[in-house]
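Data first, discussion second: the structure below is written as structure tokens.
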Amino acid sequence: MTASKDQVLAALAKVPAPDGTPLPQTGALSDVIVGDDGKVFFSLTVDAAAVRAWETIRKQAEDAVKAVAGVQSAMVALTAERSGGAARAPAPGVGGGRGGRPAPGAHAHPADKVAPGIPGVNAVIAVASGKGGVGKSTTAVNLALGLRDLGLKVGMLDADIYGPSLPKLLAIREKPQTVGGTRLKPIERYGMKVMSIGFLIEEETPMIWRGPMVMSAITQMLREVEWGNLDVMVVDMPPGTGDAQLTMAQQVPLKGAVIVSTPQDLALIDARRGIAMFKRVDVPVLGVVENMSYYLCPSCGTRSDIFGHGGARKEAERLGVPFLGEVPLHMTIREKSDSGLPVVATEPDGPHARIYRDIATKVRDQLQGPSVGRAPPKIVIEG
């Protein structure tokens with residue numbers, strides 16, 4: 001039987017804050033989410049000066065909730081806010097989440113410390129888009145497989161917390177195992193190590209998470225997974241410019257970002273925002289991919305530019321970033337993706353696999369330079 005929210009709150013009432021106040025009475029506790037599968041999520045928002053004292057409380061709260069009958073796991077995020085209203089923004093967007101927009105007057109400044117890398121991982125790249133529906137996840141999977149075909153050891157992280165796609169795109173249904181009871185072991189598929197929040201939840205479970213919980217989940221998948229030794233980790237980002245993007249920029253020294261867009265003007269407007277966001281947090285843009293670039297009729301061979309053509313190339317040239325290539329709108333790519341059989345892995349000699357490998361080659365060439373430590377950005381909101 002799954003635990004109730006009241007049972008969880010009762011357990012948390014036995015956990016005292018640093019001043020002795022029961023946790024639910026402190027005002028630091030967010031709404032408590034109890035899933036049907038027994039997974040519990042909540043966050044604690046405290047003053048930045050008291051973070052060290054509250055980290056012990058966070059662990060006590062997590063342990064108390066795990067001890068409740070019917071609770072399978074607990075994820076507790078600790079997020080800090082500076083007193084006096086000068087909050088450290090959790091994301092470069094108002095309200096965060098999918099499709100958040102950079103806040104007016106927000107500027108990124110380098111912090112004093114260099115973002116630590118992931119042990120054993122040489123380079124981390126983000127595959128992003130300004131909006132959903134442009135084929136970003138399909139591109140990310142085939143790009144990762146293209147890098148694998150170039151002889152690199154590759155891992156994939158599905159950072160799209162709200163709408164994870166890798167379980168579907170790679171036909172992964174099993175749950176990851178733990179190592180030593182504390183760390184997750186990534187699932188291997190097509191010679192890649194893969195991790196997604198989608199492996200831990202049911203496919204139809206809605207992910208109704210606040211910004212701090214998004215950041216905590218991504219951080220755990222970065223830091224608490226046995227990735228081993230990888231030449232490159234490809235991160236499938238959620239669309240937009242919200243919590244997940246800033247978390248990645250703060251938590252790891254990203255080697256660069258790949259922006260995916262369709263040729264149409266509406267998608268390009270959002271692609272510009274994505275490029276601007278990564279530049280603002282000092283992440284190099286490795287290039288732009290024009291997805292669904294054109295359509296070739298399989299019966300007559302007639303070409304149709306359904307979404308226009310060449311817009312992403314022109315935008316890349318205008319913004320001074322590399323153009324990585326054009327991927328057609330083709331039924332084979334769609335069918336293979338829906339079946340969990342990506343074309344680069346299952347039709348390696350086909351024309352579409354060659355396109356993705358050409359894109360991967362251009363990305364690989366940009367990753368061959370020496371890794372440079374990059375300070376994580378601080379986001380300052382100007383009143």
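Following the order of the structure tokens, chains are lettered A, B, ..., residues in each are numbered from 1, and ligands are numbered from 1.
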Would you pick out the contacts of Pro322 of chain A at 12 Å or less, using only C-alpha atoms, so that residues sharing its chain but fewer than 6 positions from it are not included, and give the list as a VMD selection string?
chain A and resid 256 to 259 275 284 to 290 312 to 316 359 362 to 363 365 to 366
Can those selected residues be exported to a file as a compact mmCIF listing (two decimals), in the first residue's frame so that it contains N, CA and C atoms?
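Listed below is the output, again-v7.txt:
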```
# COMPACT_ATOMS: atom_id res chain seq x y z
N GLY A 256 30.14 22.24 -24.95
CA GLY A 256 29.43 22.96 -25.98
C GLY A 256 27.99 22.51 -26.09
N ALA A 257 27.25 23.19 -26.96
CA ALA A 257 25.83 22.88 -27.18
C ALA A 257 25.55 22.80 -28.66
N VAL A 258 24.68 21.86 -29.02
CA VAL A 258 24.17 21.72 -30.38
C VAL A 258 22.72 22.15 -30.38
N ILE A 259 22.35 23.07 -31.26
CA ILE A 259 20.99 23.59 -31.34
C ILE A 259 20.28 22.94 -32.51
N ILE A 275 20.42 29.89 -28.56
CA ILE A 275 21.82 30.26 -28.81
C ILE A 275 22.24 31.39 -27.89
N PRO A 284 30.05 27.32 -25.31
CA PRO A 284 30.23 27.43 -26.76
C PRO A 284 29.11 26.73 -27.52
N VAL A 285 28.64 27.35 -28.59
CA VAL A 285 27.65 26.72 -29.46
C VAL A 285 28.41 25.98 -30.55
N LEU A 286 28.33 24.65 -30.52
CA LEU A 286 29.06 23.83 -31.49
C LEU A 286 28.45 23.90 -32.88
N GLY A 287 27.17 24.28 -32.95
CA GLY A 287 26.56 24.42 -34.25
C GLY A 287 25.06 24.22 -34.22
N VAL A 288 24.46 24.39 -35.40
CA VAL A 288 23.02 24.29 -35.57
C VAL A 288 22.72 23.17 -36.57
N VAL A 289 21.72 22.36 -36.25
CA VAL A 289 21.23 21.31 -37.15
C VAL A 289 19.85 21.72 -37.66
N GLU A 290 19.67 21.69 -38.97
CA GLU A 290 18.34 21.95 -39.54
C GLU A 290 17.64 20.61 -39.72
N ALA A 312 17.81 27.62 -41.05
CA ALA A 312 18.77 27.38 -39.96
C ALA A 312 20.19 27.70 -40.42
N ARG A 313 20.51 27.36 -41.67
CA ARG A 313 21.85 27.67 -42.19
C ARG A 313 22.08 29.19 -42.18
N LYS A 314 21.08 29.93 -42.67
CA LYS A 314 21.21 31.39 -42.72
C LYS A 314 21.32 31.97 -41.32
N GLU A 315 20.54 31.41 -40.39
CA GLU A 315 20.59 31.91 -39.02
C GLU A 315 21.94 31.63 -38.38
N ALA A 316 22.49 30.45 -38.65
CA ALA A 316 23.82 30.11 -38.12
C ALA A 316 24.87 31.08 -38.66
N ILE A 359 27.33 14.90 -39.28
CA ILE A 359 27.12 15.88 -38.21
C ILE A 359 28.00 15.53 -37.01
N LYS A 362 31.62 16.59 -37.46
CA LYS A 362 31.85 18.01 -37.24
C LYS A 362 31.86 18.35 -35.75
N VAL A 363 31.00 17.68 -34.99
CA VAL A 363 30.99 17.90 -33.54
C VAL A 363 32.27 17.34 -32.93
N ASP A 365 35.17 16.94 -34.22
CA ASP A 365 36.33 17.77 -34.55
C ASP A 365 36.45 18.98 -33.63
N GLN A 366 35.31 19.50 -33.19
CA GLN A 366 35.35 20.65 -32.28
C GLN A 366 35.66 20.25 -30.84
```
Who sits within 12 Å of Arg303 of chain A, only C-alpha atoms, same chain under 3 positions skipped, as a ChimeraX atom specification:
/A:293-300,306,308-309,328-330
Using only C-alpha atoms, find the one residue out of A:Thr139, A:Ser216, A:Thr302, A:Gln7 that sits nearest to Leu78 of chain A.
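Of all the options, A:Ser216 lies closest to Leu78 of chain A.
The two atoms in question, atom CA of Pro22 of chain A and atom CA of Ala217 of chain A, are spaced 25.5 Å apart.
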Neighbour list for Asp19 of chain A as a list in words, cut-off 12 Å, only C-alpha atoms, skip fewer than 3 positions in-chain:
Val15, Pro16, Pro22, Leu23, Gln25, Thr26, Ala50, Ala53, Trp54 and Ile57 of chain A
The selected residues should be written to file as a JSON list (two decimals), in the first residue's frame (atoms: C-alpha atoms).
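So out_38.json came out as:
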```json
[["chain", "number", "residue", "atom", "x", "y", "z"],
["A", 15, "VAL", "CA", 12.36, 16.25, 12.14],
["A", 16, "PRO", "CA", 13.41, 19.51, 13.86],
["A", 22, "PRO", "CA", 9.10, 20.90, 13.43],
["A", 23, "LEU", "CA", 9.87, 20.90, 9.74],
["A", 25, "GLN", "CA", 5.99, 24.55, 10.57],
["A", 26, "THR", "CA", 9.14, 26.26, 9.33],
["A", 50, "ALA", "CA", 22.14, 28.58, 6.58],
["A", 53, "ALA", "CA", 23.14, 23.60, 8.78],
["A", 54, "TRP", "CA", 20.17, 22.59, 6.66],
["A", 57, "ILE", "CA", 18.20, 18.43, 8.12]]
```
Which of these residues is nearest to Met1 of chain A, using only C-alpha atoms: A:Leu268, A:Gln72, A:Val65, A:Gln60?
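Closest to Met1 of chain A, using only C-alpha atoms: A:Gln72.
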